[in-house]
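Structure data (mmCIF, C-alpha atoms) from target33.cif:
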```
data_work
loop_
_atom_site.label_atom_id
_atom_site.label_comp_id
_atom_site.auth_asym_id
_atom_site.auth_seq_id
_atom_site.Cartn_x
_atom_site.Cartn_y
_atom_site.Cartn_z
CA MET A 384 28.78 -4.16 -26.07
CA ARG A 385 26.77 -1.98 -28.44
CA ASN A 386 24.89 -5.02 -29.76
CA THR A 387 24.16 -6.20 -26.23
CA ILE A 388 22.65 -2.84 -25.31
CA LEU A 389 20.59 -2.78 -28.51
CA PHE A 390 19.31 -6.30 -27.79
CA LEU A 391 18.32 -5.34 -24.25
CA ILE A 392 16.50 -2.20 -25.40
CA LEU A 393 14.54 -4.21 -28.00
CA SER A 394 13.70 -6.91 -25.43
CA LEU A 395 12.51 -4.31 -22.98
CA GLY A 396 10.27 -2.73 -25.59
CA PHE A 397 8.83 -6.11 -26.55
CA VAL A 398 8.11 -7.13 -22.97
CA SER A 399 6.50 -3.77 -22.20
CA CYS A 400 4.19 -4.11 -25.19
CA THR A 401 3.06 -7.59 -24.21
CA HIS A 402 2.00 -6.56 -20.70
CA ILE A 403 -1.77 -6.87 -20.75
CA GLN A 404 -3.96 -6.16 -17.77
CA LYS A 405 -6.52 -8.87 -17.11
CA GLU A 406 -10.08 -7.94 -16.28
CA SER A 407 -11.68 -9.75 -13.38
CA THR A 408 -15.02 -11.37 -14.13
CA PHE A 409 -16.67 -13.60 -11.57
CA GLU A 410 -20.20 -14.47 -10.64
CA ILE A 411 -20.38 -13.77 -6.91
CA LYS A 412 -23.04 -15.76 -5.14
CA PRO A 413 -25.44 -13.75 -2.95
CA ILE A 414 -24.33 -13.01 0.60
CA PRO A 415 -26.73 -14.67 3.11
CA ASN A 416 -28.88 -12.50 5.35
CA LYS A 417 -28.27 -14.47 8.53
CA ARG A 418 -25.28 -12.82 10.21
CA LEU A 419 -23.31 -15.95 11.07
CA ASP A 420 -23.72 -17.38 7.55
CA MET A 421 -22.88 -14.00 6.06
CA GLN A 422 -19.64 -13.67 7.98
CA GLN A 423 -18.66 -17.28 7.36
CA GLN A 424 -19.17 -16.87 3.63
CA ILE A 425 -17.19 -13.62 3.46
CA VAL A 426 -14.27 -15.00 5.48
CA ALA A 427 -14.36 -18.30 3.54
CA GLN A 428 -14.21 -16.56 0.17
CA LEU A 429 -11.59 -14.00 1.16
CA SER A 430 -9.31 -16.67 2.63
CA GLY A 431 -9.61 -19.20 -0.16
CA GLN A 432 -11.66 -21.74 1.79
CA THR A 433 -14.37 -21.53 -0.86
CA PRO A 434 -13.96 -20.13 -4.36
CA ILE A 435 -14.87 -16.69 -5.57
CA GLY A 436 -16.99 -17.35 -8.60
CA ASP A 437 -16.72 -20.89 -9.88
CA THR A 438 -13.07 -21.73 -9.57
CA THR A 439 -10.92 -18.86 -8.28
CA HIS A 440 -9.48 -19.49 -4.82
CA LEU A 441 -7.79 -16.55 -3.15
CA THR A 442 -4.77 -18.23 -1.59
CA SER A 443 -3.63 -14.87 -0.30
CA ARG A 444 -4.29 -11.15 -0.83
CA TRP A 445 -0.66 -10.19 -1.25
CA THR A 446 0.10 -9.73 -4.94
CA PRO A 447 -1.34 -6.82 -6.95
CA GLU A 448 -3.39 -9.36 -8.94
CA GLN A 449 -4.81 -11.02 -5.82
CA ARG A 450 -5.65 -7.63 -4.36
CA ALA A 451 -7.39 -6.64 -7.59
CA ILE A 452 -9.53 -9.80 -7.40
CA THR A 453 -10.27 -9.02 -3.74
CA ARG A 454 -11.39 -5.51 -4.68
CA PHE A 455 -13.61 -6.91 -7.38
CA TYR A 456 -15.19 -9.27 -4.83
CA LEU A 457 -15.64 -6.51 -2.25
CA GLN A 458 -17.15 -4.25 -4.88
CA GLU A 459 -19.66 -6.94 -5.76
CA ILE A 460 -20.70 -7.54 -2.16
CA ILE A 461 -21.01 -3.79 -1.52
CA GLU A 462 -23.32 -3.58 -4.52
CA GLN A 463 -25.35 -6.44 -3.07
CA LEU A 464 -26.16 -3.99 -0.25
CA GLY A 465 -27.56 -1.63 -2.87
CA LEU A 466 -24.67 0.80 -2.28
CA LYS A 467 -22.19 2.25 -4.73
CA ALA A 468 -18.60 1.05 -4.37
CA ILE A 469 -16.01 3.76 -4.98
CA GLU A 470 -12.43 2.83 -5.83
CA HIS A 471 -9.88 5.25 -4.47
CA LYS A 472 -6.71 4.67 -6.49
CA TYR A 473 -3.51 6.23 -5.22
CA ARG A 474 0.21 6.56 -5.71
CA PHE A 475 2.33 7.19 -2.64
CA ALA A 476 6.00 8.01 -2.10
CA ASN A 477 8.22 5.59 -0.17
CA SER A 478 9.26 6.23 3.41
CA ASN A 479 12.54 7.91 2.47
CA PHE A 480 14.12 9.48 -0.57
CA GLY A 481 16.84 6.85 -0.84
CA VAL A 482 14.15 4.23 -1.42
CA ASP A 483 12.39 6.62 -3.80
CA LEU A 484 15.52 6.74 -5.96
CA LEU A 485 15.66 2.95 -6.07
CA ILE A 486 12.08 1.89 -6.62
CA GLU A 487 8.77 3.09 -7.94
CA PRO A 488 6.07 4.64 -5.74
CA TYR A 489 3.44 2.56 -3.98
CA THR A 490 0.35 2.05 -6.08
CA GLY A 491 -2.88 0.62 -4.77
CA ALA A 492 -6.56 1.22 -4.27
CA ASN A 493 -8.85 1.53 -1.29
CA LEU A 494 -12.48 0.68 -1.75
CA TYR A 495 -15.23 2.51 0.05
CA THR A 496 -18.92 3.14 0.09
CA ILE A 497 -21.17 5.66 1.80
CA LEU A 498 -24.34 4.73 3.59
CA PRO A 499 -26.12 8.08 3.61
CA ALA A 500 -27.89 9.55 6.61
CA THR A 501 -31.66 9.66 6.38
CA THR A 502 -31.57 13.44 6.73
CA PRO A 503 -28.85 15.32 4.81
CA THR A 504 -25.78 16.09 6.91
CA ASN A 505 -22.08 16.68 6.46
CA GLN A 506 -21.18 14.46 9.44
CA TYR A 507 -19.50 11.14 8.71
CA ILE A 508 -18.49 8.09 10.73
CA ILE A 509 -15.77 5.91 9.25
CA LEU A 510 -15.63 2.14 9.69
CA GLY A 511 -12.37 0.77 8.33
CA ALA A 512 -10.62 -2.57 7.89
CA HIS A 513 -7.70 -3.55 5.68
CA TYR A 514 -8.06 -6.25 3.05
CA ASP A 515 -4.46 -7.12 2.14
CA THR A 516 -2.36 -9.85 3.76
CA GLY A 517 1.16 -9.69 5.14
CA ARG A 518 2.83 -12.63 3.40
CA ARG A 519 2.62 -14.19 -0.02
CA ASN A 520 1.22 -17.48 1.32
CA ALA A 521 -0.96 -16.12 4.14
CA PRO A 522 -4.69 -16.66 3.53
CA GLY A 523 -5.44 -13.87 6.03
CA ALA A 524 -8.64 -15.32 7.47
CA ILE A 525 -8.26 -13.62 10.86
CA ASP A 526 -5.91 -10.91 9.57
CA ASN A 527 -8.11 -9.31 8.31
CA ALA A 528 -11.06 -11.02 6.58
CA THR A 529 -12.71 -10.96 10.00
CA GLY A 530 -12.46 -7.16 10.17
CA ILE A 531 -14.12 -6.91 6.77
CA ALA A 532 -16.89 -9.34 7.76
CA LEU A 533 -17.48 -7.34 10.93
CA ILE A 534 -17.97 -3.92 9.34
CA TYR A 535 -19.97 -5.39 6.46
CA ALA A 536 -22.45 -6.92 8.91
CA VAL A 537 -22.65 -3.70 10.93
CA VAL A 538 -23.33 -1.55 7.85
CA LYS A 539 -26.00 -4.01 6.73
CA ALA A 540 -27.65 -3.65 10.15
CA MET A 541 -27.42 0.17 10.03
CA GLN A 542 -29.20 0.15 6.66
CA LYS A 543 -32.30 -1.19 8.37
CA LEU A 544 -32.55 1.71 10.81
CA PRO A 545 -35.40 4.09 9.96
CA GLU A 546 -33.36 7.10 11.04
CA ARG A 547 -29.66 7.79 10.76
CA ASN A 548 -28.31 11.22 11.65
CA GLN A 549 -24.81 10.66 10.22
CA ASN A 550 -23.40 9.24 7.01
CA ILE A 551 -21.35 6.08 7.39
CA ILE A 552 -18.26 5.44 5.29
CA MET A 553 -17.27 1.78 5.09
CA VAL A 554 -13.70 1.61 3.79
CA PHE A 555 -11.50 -1.36 2.97
CA PHE A 556 -7.86 -0.26 3.09
CA ASP A 557 -5.18 -1.56 0.77
CA GLN A 558 -1.52 -2.05 1.83
CA GLU A 559 -1.93 -1.90 5.59
CA GLU A 560 0.78 -4.53 5.78
CA GLU A 561 3.11 -2.21 3.91
CA GLU A 562 3.46 0.81 6.19
CA ASN A 563 -0.30 1.54 6.26
CA ILE A 564 -0.04 3.14 2.84
CA GLY A 565 -3.73 2.63 2.01
CA SER A 566 -4.99 4.45 5.10
CA ARG A 567 -2.37 7.18 4.73
CA ALA A 568 -3.56 7.79 1.17
CA PHE A 569 -7.18 7.71 2.32
CA ILE A 570 -6.47 10.36 4.97
CA LYS A 571 -5.00 12.57 2.24
CA HIS A 572 -8.16 11.93 0.23
CA LEU A 573 -10.35 12.87 3.22
CA GLN A 574 -8.43 16.09 3.69
CA LYS A 575 -9.44 17.16 0.18
CA THR A 576 -13.14 16.79 0.97
CA ASP A 577 -15.34 18.98 3.16
CA TRP A 578 -16.65 15.99 5.11
CA LYS A 579 -16.78 16.41 8.86
CA ILE A 580 -15.50 13.16 10.32
CA SER A 581 -17.03 12.74 13.76
CA SER A 582 -15.31 9.43 14.55
CA VAL A 583 -13.21 6.69 12.98
CA HIS A 584 -13.46 3.03 14.03
CA CYS A 585 -10.74 0.66 12.80
CA PHE A 586 -10.94 -3.12 13.11
CA ASP A 587 -8.02 -5.46 12.68
CA MET A 588 -8.10 -9.18 13.59
CA VAL A 589 -11.36 -10.13 15.27
CA GLY A 590 -11.43 -13.92 15.20
CA TRP A 591 -9.43 -15.40 18.08
CA ASP A 592 -10.52 -16.01 21.66
CA GLY A 593 -8.19 -18.70 22.98
CA ASN A 594 -9.22 -18.35 26.63
CA HIS A 595 -12.94 -18.00 25.84
CA ASP A 596 -13.37 -14.86 27.93
CA ASN A 597 -15.06 -13.10 24.99
CA ALA A 598 -12.90 -10.04 25.70
CA ILE A 599 -11.91 -7.37 23.21
CA GLU A 600 -9.16 -4.86 23.21
CA ILE A 601 -9.73 -1.20 22.45
CA TYR A 602 -7.13 1.51 21.96
CA THR A 603 -7.92 5.17 21.61
CA PRO A 604 -6.76 8.67 22.43
CA SER A 605 -10.43 9.78 22.60
CA ASP A 606 -12.13 10.05 26.00
CA GLN A 607 -15.53 10.24 24.31
CA LEU A 608 -15.11 7.01 22.31
CA GLU A 609 -13.47 5.23 25.23
CA LYS A 610 -16.45 6.06 27.47
CA LEU A 611 -18.93 5.01 24.82
CA TYR A 612 -17.26 1.62 24.28
CA LEU A 613 -16.85 1.00 28.02
CA ASP A 614 -20.47 1.97 28.76
CA ILE A 615 -21.87 -0.32 26.08
CA GLY A 616 -19.45 -3.02 27.22
CA THR A 617 -20.81 -2.75 30.76
CA GLN A 618 -24.39 -2.97 29.46
CA LEU A 619 -23.55 -6.15 27.54
CA ASN A 620 -21.35 -7.50 30.31
CA LYS A 621 -18.44 -7.59 27.87
CA LYS A 622 -14.87 -7.69 29.10
CA ILE A 623 -12.85 -4.86 27.58
CA PHE A 624 -9.12 -4.29 27.77
CA ASN A 625 -8.49 -0.62 27.32
CA LEU A 626 -5.23 0.83 26.05
CA LYS A 627 -5.15 4.56 26.49
CA ILE A 628 -3.17 6.25 23.72
CA ASN A 629 -1.32 9.52 24.10
CA PRO A 630 -1.47 11.21 20.68
CA VAL A 631 1.33 13.68 21.52
CA GLY A 632 4.49 12.55 19.78
CA TYR A 633 2.79 9.31 18.76
CA THR A 634 5.14 7.23 16.64
CA ASN A 635 3.55 3.78 16.49
CA SER A 636 2.81 2.67 12.95
CA SER A 637 1.61 -0.90 13.06
CA THR A 638 -1.96 -0.59 11.86
CA ASP A 639 -4.35 1.80 10.09
CA PHE A 640 -5.59 3.12 13.44
CA ASP A 641 -2.16 4.65 14.12
CA GLU A 642 -2.34 6.80 11.00
CA PHE A 643 -5.65 8.33 12.09
CA VAL A 644 -4.19 9.06 15.55
CA ARG A 645 -1.29 10.93 14.00
CA ALA A 646 -3.63 12.83 11.67
CA GLY A 647 -5.62 14.03 14.71
CA TYR A 648 -8.90 12.18 14.15
CA ASN A 649 -11.32 11.10 16.86
CA VAL A 650 -10.38 7.45 16.39
CA ILE A 651 -10.66 4.10 18.12
CA GLY A 652 -9.20 0.73 17.20
CA ALA A 653 -10.66 -2.59 18.31
CA GLY A 654 -10.00 -6.27 17.87
CA GLU A 655 -8.99 -9.48 19.58
CA CYS A 656 -6.57 -9.13 22.50
CA TYR A 657 -3.34 -8.74 20.55
CA TYR A 658 -1.52 -6.73 23.21
CA HIS A 659 -2.95 -8.93 26.00
CA LYS A 660 -1.59 -12.09 24.42
CA ASP A 661 -4.83 -13.72 23.35
CA SER A 662 -4.46 -13.36 19.61
CA SER A 663 -4.04 -15.65 16.63
CA PRO A 664 -0.58 -17.24 16.65
CA TYR A 665 -0.92 -17.75 12.90
CA LYS A 666 -0.79 -14.09 11.88
CA ASP A 667 1.14 -13.66 8.61
CA THR A 668 1.53 -17.40 8.08
CA TYR A 669 -0.07 -19.98 5.82
CA LYS A 670 -1.95 -21.25 8.88
CA ASP A 671 -4.14 -18.13 9.18
CA THR A 672 -7.03 -20.12 7.73
CA PHE A 673 -10.82 -20.22 7.91
CA GLU A 674 -10.70 -23.15 10.39
CA THR A 675 -8.89 -21.04 12.99
CA VAL A 676 -11.58 -18.33 13.09
CA ASP A 677 -13.81 -18.31 16.15
CA PHE A 678 -17.06 -17.20 14.50
CA ARG A 679 -18.93 -17.14 17.80
CA TYR A 680 -16.44 -14.54 19.01
CA LEU A 681 -16.64 -12.55 15.75
CA LEU A 682 -20.41 -12.54 16.04
CA SER A 683 -20.27 -11.33 19.64
CA VAL A 684 -17.91 -8.45 18.74
CA THR A 685 -20.11 -7.57 15.74
CA ASN A 686 -23.18 -7.33 17.97
CA PHE A 687 -21.22 -5.10 20.35
CA ILE A 688 -20.06 -2.76 17.57
CA GLU A 689 -23.56 -2.69 16.10
CA LYS A 690 -24.88 -1.37 19.45
CA ILE A 691 -22.17 1.32 19.50
CA LEU A 692 -22.87 2.46 15.95
CA LYS A 693 -26.58 2.46 16.58
CA LYS A 694 -26.05 4.72 19.57
CA LEU A 695 -23.80 7.04 17.57
CA ILE A 696 -26.11 7.51 14.62
CA THR A 697 -29.41 7.69 16.47
CA THR A 698 -28.39 10.03 19.30
CA PRO A 699 -29.17 13.63 18.33
CA MET B 726 31.54 26.46 -27.34
CA LYS B 727 33.31 24.89 -30.30
CA GLN B 728 35.32 22.71 -27.98
CA GLN B 729 32.24 21.52 -26.16
CA LEU B 730 30.50 20.62 -29.43
CA HIS B 731 33.61 18.85 -30.58
CA PHE B 732 33.70 16.89 -27.34
CA ILE B 733 30.06 15.86 -27.79
CA LYS B 734 30.55 14.90 -31.45
CA THR B 735 33.64 12.83 -30.79
CA ASN B 736 31.90 11.05 -27.88
CA LYS B 737 28.48 10.70 -29.48
CA TYR B 738 27.51 7.35 -27.95
CA LEU B 739 28.75 8.31 -24.52
CA TYR B 740 26.69 11.49 -24.76
CA ILE B 741 23.58 9.50 -25.77
CA ALA B 742 24.10 7.10 -22.87
CA LEU B 743 24.50 9.99 -20.45
CA THR B 744 21.39 11.74 -21.73
CA ALA B 745 19.29 8.55 -21.68
CA THR B 746 20.23 7.65 -18.13
CA LEU B 747 19.80 11.22 -16.88
CA LEU B 748 16.35 11.35 -18.48
CA PHE B 749 15.45 8.03 -16.85
CA PHE B 750 16.23 9.41 -13.41
CA PHE B 751 14.79 12.82 -14.21
CA ARG B 752 11.46 11.12 -14.94
CA LYS B 753 11.72 9.38 -11.56
CA GLY B 754 12.49 12.70 -9.86
CA ILE B 755 9.46 14.40 -11.41
CA GLN B 756 7.25 11.43 -10.57
CA TYR B 757 8.17 11.75 -6.89
CA ALA B 758 7.99 15.56 -6.89
CA LEU B 759 4.36 15.16 -7.95
CA LEU B 760 3.89 13.00 -4.83
CA ASP B 761 5.40 15.73 -2.60
CA SER B 762 8.79 14.02 -2.29
CA TYR B 763 11.29 16.51 -3.74
CA ILE B 764 14.70 15.19 -2.69
CA PRO B 765 15.05 12.64 -5.56
CA LEU B 766 14.51 15.43 -8.10
CA LEU B 767 17.00 17.69 -6.31
CA VAL B 768 19.61 14.90 -6.25
CA ILE B 769 19.18 14.24 -9.97
CA ILE B 770 19.29 17.94 -10.83
CA ALA B 771 22.47 18.33 -8.77
CA LEU B 772 24.15 15.39 -10.54
CA ALA B 773 22.96 16.57 -13.97
CA LEU B 774 24.25 20.09 -13.27
CA PHE B 775 27.57 18.69 -12.13
CA ILE B 776 27.97 16.79 -15.41
CA TRP B 777 26.70 19.68 -17.55
CA VAL B 778 28.98 22.23 -15.87
CA SER B 779 31.97 19.95 -16.23
CA ILE B 780 31.28 19.54 -19.95
CA TYR B 781 30.63 23.27 -20.36
CA LEU B 782 33.83 24.24 -18.57
CA LEU B 783 35.72 21.30 -20.05
CA LYS B 784 37.03 20.62 -16.57
CA GLY B 785 36.63 17.53 -14.44
CA ILE B 786 34.65 15.72 -17.18
CA ARG B 787 36.26 12.40 -16.46
CA LEU B 788 35.49 12.64 -12.74
CA ALA B 789 31.90 13.80 -13.26
CA ILE B 790 31.16 11.01 -15.72
CA LYS B 791 32.86 8.45 -13.52
CA ILE B 792 30.74 9.51 -10.52
CA TRP B 793 27.58 9.18 -12.62
CA SER B 794 28.59 5.74 -13.89
CA VAL B 795 29.35 4.54 -10.35
CA PHE B 796 25.94 5.84 -9.26
CA LEU B 797 24.28 3.87 -12.08
CA ILE B 798 26.20 0.68 -11.33
CA LEU B 799 25.44 0.87 -7.61
CA TRP B 800 21.77 1.60 -8.29
CA ALA B 801 21.43 -1.41 -10.56
CA LEU B 802 23.43 -3.75 -8.30
CA ILE B 803 21.39 -2.82 -5.21
CA LYS B 804 18.17 -3.48 -7.13
CA LEU B 805 19.40 -6.83 -8.42
CA LEU B 806 20.62 -7.86 -4.95
CA LEU B 807 17.27 -6.89 -3.47
CA PHE B 808 15.54 -9.07 -6.04
CA VAL B 809 17.76 -12.07 -5.26
CA ALA B 810 17.31 -11.58 -1.49
CA MET B 811 13.54 -11.31 -1.81
CA SER B 812 13.32 -14.37 -3.99
CA PHE B 813 15.00 -16.56 -1.39
CA LEU B 814 14.24 -14.97 1.99
CA ASP B 815 10.53 -14.91 2.69
CA GLU B 816 10.88 -12.76 5.80
CA LEU B 817 12.33 -9.99 3.62
CA SER B 818 9.57 -10.19 1.08
CA ASN B 819 7.46 -7.12 0.62
CA SER B 820 4.74 -7.11 -1.98
CA HIS B 821 5.36 -3.52 -3.07
CA ILE B 822 9.06 -4.06 -3.75
CA TYR B 823 8.82 -7.64 -4.96
CA HIS B 824 6.38 -6.80 -7.72
CA GLN B 825 8.63 -4.13 -9.14
CA PHE B 826 10.95 -6.93 -10.18
CA GLY B 827 8.84 -8.34 -12.93
CA ILE B 828 10.56 -8.87 -16.27
CA VAL B 829 10.35 -5.16 -17.03
CA GLY B 830 11.86 -4.23 -13.66
CA LEU B 831 14.65 -6.78 -14.04
CA LEU B 832 15.45 -5.75 -17.61
CA SER B 833 15.52 -2.06 -16.72
CA SER B 834 17.97 -2.81 -13.88
CA ILE B 835 20.17 -4.84 -16.22
CA LEU B 836 19.93 -2.11 -18.84
CA ILE B 837 21.02 0.58 -16.37
CA LEU B 838 23.86 -1.71 -15.24
CA CYS B 839 25.01 -2.05 -18.87
CA PHE B 840 24.80 1.71 -19.37
CA GLY B 841 26.74 2.24 -16.13
CA ILE B 842 29.51 -0.15 -17.19
CA TYR B 843 29.63 1.36 -20.68
CA ILE B 844 29.90 4.93 -19.32
CA PHE B 845 32.52 3.87 -16.76
CA ARG B 846 34.66 2.20 -19.41
CA LYS B 847 34.32 5.18 -21.75
CA SER B 848 35.20 7.63 -18.99
CA ARG B 849 38.54 5.90 -18.54
CA LYS B 850 39.33 6.23 -22.24
CA LEU B 851 38.27 9.87 -22.57
CA SER B 852 40.96 12.01 -24.10
CA PRO B 853 41.08 15.31 -22.24
CA PRO B 854 40.29 18.33 -24.42
CA ASN B 855 43.10 20.71 -25.14
CA PHE B 856 42.60 23.28 -22.41
CA SER B 857 45.27 25.62 -23.82
CA ASP B 858 43.14 26.34 -26.95
#
```

Could you write out this structure as structure tokens?
Amino acid sequence: MRNTILFLILSLGFVSCTHIQKESTFEIKPIPNKRLDMQQQIVAQLSGQTPIGDTTHLTSRWTPEQRAITRFYLQEIIEQLGLKAIEHKYRFANSNFGVDLLIEPYTGANLYTILPATTPTNQYIILGAHYDTGRRNAPGAIDNATGIALIYAVVKAMQKLPERNQNIIMVFFDQEEEENIGSRAFIKHLQKTDWKISSVHCFDMVGWDGNHDNAIEIYTPSDQLEKLYLDIGTQLNKKIFNLKINPVGYTNSSTDFDEFVRAGYNVIGAGECYYHKDSSPYKDTYKDTFETVDFRYLLSVTNFIEKILKKLITTP
Amino acid sequence: MKQQLHFIKTNKYLYIALTATLLFFFRKGIQYALLDSYIPLLVIIALALFIWVSIYLLKGIRLAIKIWSVFLILWALIKLLLFVAMSFLDELSNSHIYHQFGIVGLLSSILILCFGIYIFRKSRKLSPPNFSD
């Protein structure tokens, strides 16, 4: 027995010493300027349709290694915008102490960047989308490479505006598929800053329009954001399904949006019509591939969100 | 105090195993306390106090040590079962938990299981100190 224990201790020590962290190094090809090409390239690379660098295909964004490669890719494309990518690493306790006793805390990293206002201000708008996938073999093209492609294109458009009266934070959340840990950690991070967050816009799954009605779904507890989205929707003749959220005693916890509701932010979530049954049937499966993404629909929602953001950051 | 030191000296390896496993969980407790989750640390402190008091008073040592060993064995078995379940049932798979069962995670579970079994076996063979002294 004593020898067995000694052997196990030595083995453990040996294995621990041989654990080496690999550094990601890839040459990321430039992101095209034309919006459709830009979004197709981002979704293709994030879902393994085309390689990142020369040979690396992201078959999923589930393992810590795959998520690290994804972060590296996202960091590179943020820098292609001429912005600084900031990695927000975190450790987070499990949902209950019994689980805490059994396993280690969550560890992960959100990635964000700040597009500054043209005149200094402490007001911030957050655009968020998660980058992880829900299953080990899910490429996550619609869930949620489309959300990433959407906010990337919107931020790129906002950069071109001569005047912006608010800073924009573009954040890619880690571990949304695991109890929204990334966004919960990011909210904690926000609470340590003196930033005044005027609104939060979360996007999850924006690539399916089975009945071709071009509709989107919005969900918010905020009258102000609801009115803004509905008004712009009317201007663009866009069909909007509106889910009014009551923040009092709110317990839902299925996406990053929910965490911001509970934390009391002026938040809105938007995406394809998940609750109105026109949503990708391939969510969290190996079939959530590039081919299933309706890029015409993604483009239409991106143009809609661009109009909303433009209104928010140019209105005094 | 002489009796307590005698107990520790005569059960040197058991004492080392107890200390090592308590330290392992104490580290876990502190790690979570730093993340604002205090119950794991309180549970470990309570168990450690229970063992320490029983050794100090030379009363209920066998029971205290047995409870600790059962805790260790259950902890390790639950972890190993989770690993097996996650390896075969995709719908149960969760990246956060799954990736704690690398070789290091597996070996640490097996190690704690071995410690638990060792402490349990030793607790059965413990000769009670002479309380009349």

Pick from A:Asn479, A:Gln506, A:Gln428, A:Asn416 nearest to Ile531 in chain A, counting all atoms listed in the file: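 Comparing A:Asn479, A:Gln506, A:Gln428, A:Asn416 against Ile531 in chain A, the winner is A:Gln428.
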
Tell me, as JSON, numbers by chain, which residues lie within 12 Å of Ser779 in chain B, counting all atoms listed in the file; anything in the same chain fewer than 2 positions away does not count. {"B": [729, 732, 772, 773, 774, 775, 776, 777, 781, 782, 783, 784, 785, 786, 787, 788, 789, 790, 791, 792, 853, 854]}

Using all atoms of range 813-831 of chain B that appear in the file, construct an axis-aligned enclosing box with 8 Å of padding on every side and provide its centre coordinates and edge lengths in Å, rounded to one decimal, as AutoDock Vina command-line options.
```
--center_x 9.9 --center_y -10.0 --center_z -5.6 --size_x 26.3 --size_y 29.0 --size_z 38.8
```

Looking at B:Leu806, B:Ile798, B:Ile764, B:Phe845, which one is nearest to chain A, with distances taken over all atoms listed in the file?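 Of the candidates, the smallest distance to chain A is held by B:Ile764.
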
Residues of chain B were defined as contacting chain A if any atom lay at most 10 Å from it, counting all atoms listed in the file; please report them as a ChimeraX atom specification. /B:738,750,753-754,756-766,768-769,800-801,803-804,815-826,828-837,839-840,842-843

What does the file look like for those residues with C-alpha atoms, as a PDB file, in the coordinates of the input?
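Dumped everything to out.pdb:
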```
ATOM      1  CA  TYR B 738      27.510   7.350 -27.950  1.00  0.00           C
ATOM      2  CA  PHE B 750      16.230   9.410 -13.410  1.00  0.00           C
ATOM      3  CA  LYS B 753      11.720   9.380 -11.560  1.00  0.00           C
ATOM      4  CA  GLY B 754      12.490  12.700  -9.860  1.00  0.00           C
ATOM      5  CA  GLN B 756       7.250  11.430 -10.570  1.00  0.00           C
ATOM      6  CA  TYR B 757       8.170  11.750  -6.890  1.00  0.00           C
ATOM      7  CA  ALA B 758       7.990  15.560  -6.890  1.00  0.00           C
ATOM      8  CA  LEU B 759       4.360  15.160  -7.950  1.00  0.00           C
ATOM      9  CA  LEU B 760       3.890  13.000  -4.830  1.00  0.00           C
ATOM     10  CA  ASP B 761       5.400  15.730  -2.600  1.00  0.00           C
ATOM     11  CA  SER B 762       8.790  14.020  -2.290  1.00  0.00           C
ATOM     12  CA  TYR B 763      11.290  16.510  -3.740  1.00  0.00           C
ATOM     13  CA  ILE B 764      14.700  15.190  -2.690  1.00  0.00           C
ATOM     14  CA  PRO B 765      15.050  12.640  -5.560  1.00  0.00           C
ATOM     15  CA  LEU B 766      14.510  15.430  -8.100  1.00  0.00           C
ATOM     16  CA  VAL B 768      19.610  14.900  -6.250  1.00  0.00           C
ATOM     17  CA  ILE B 769      19.180  14.240  -9.970  1.00  0.00           C
ATOM     18  CA  TRP B 800      21.770   1.600  -8.290  1.00  0.00           C
ATOM     19  CA  ALA B 801      21.430  -1.410 -10.560  1.00  0.00           C
ATOM     20  CA  ILE B 803      21.390  -2.820  -5.210  1.00  0.00           C
ATOM     21  CA  LYS B 804      18.170  -3.480  -7.130  1.00  0.00           C
ATOM     22  CA  ASP B 815      10.530 -14.910   2.690  1.00  0.00           C
ATOM     23  CA  GLU B 816      10.880 -12.760   5.800  1.00  0.00           C
ATOM     24  CA  LEU B 817      12.330  -9.990   3.620  1.00  0.00           C
ATOM     25  CA  SER B 818       9.570 -10.190   1.080  1.00  0.00           C
ATOM     26  CA  ASN B 819       7.460  -7.120   0.620  1.00  0.00           C
ATOM     27  CA  SER B 820       4.740  -7.110  -1.980  1.00  0.00           C
ATOM     28  CA  HIS B 821       5.360  -3.520  -3.070  1.00  0.00           C
ATOM     29  CA  ILE B 822       9.060  -4.060  -3.750  1.00  0.00           C
ATOM     30  CA  TYR B 823       8.820  -7.640  -4.960  1.00  0.00           C
ATOM     31  CA  HIS B 824       6.380  -6.800  -7.720  1.00  0.00           C
ATOM     32  CA  GLN B 825       8.630  -4.130  -9.140  1.00  0.00           C
ATOM     33  CA  PHE B 826      10.950  -6.930 -10.180  1.00  0.00           C
ATOM     34  CA  ILE B 828      10.560  -8.870 -16.270  1.00  0.00           C
ATOM     35  CA  VAL B 829      10.350  -5.160 -17.030  1.00  0.00           C
ATOM     36  CA  GLY B 830      11.860  -4.230 -13.660  1.00  0.00           C
ATOM     37  CA  LEU B 831      14.650  -6.780 -14.040  1.00  0.00           C
ATOM     38  CA  LEU B 832      15.450  -5.750 -17.610  1.00  0.00           C
ATOM     39  CA  SER B 833      15.520  -2.060 -16.720  1.00  0.00           C
ATOM     40  CA  SER B 834      17.970  -2.810 -13.880  1.00  0.00           C
ATOM     41  CA  ILE B 835      20.170  -4.840 -16.220  1.00  0.00           C
ATOM     42  CA  LEU B 836      19.930  -2.110 -18.840  1.00  0.00           C
ATOM     43  CA  ILE B 837      21.020   0.580 -16.370  1.00  0.00           C
ATOM     44  CA  CYS B 839      25.010  -2.050 -18.870  1.00  0.00           C
ATOM     45  CA  PHE B 840      24.800   1.710 -19.370  1.00  0.00           C
ATOM     46  CA  ILE B 842      29.510  -0.150 -17.190  1.00  0.00           C
ATOM     47  CA  TYR B 843      29.630   1.360 -20.680  1.00  0.00           C
TER      48      TYR B 843
END
```

Rounded to one decimal in Å, what is the spacing between CA of Glu462 in chain A and CA of Ile564 in chain A?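 These atoms are spaced 25.3 Å apart.
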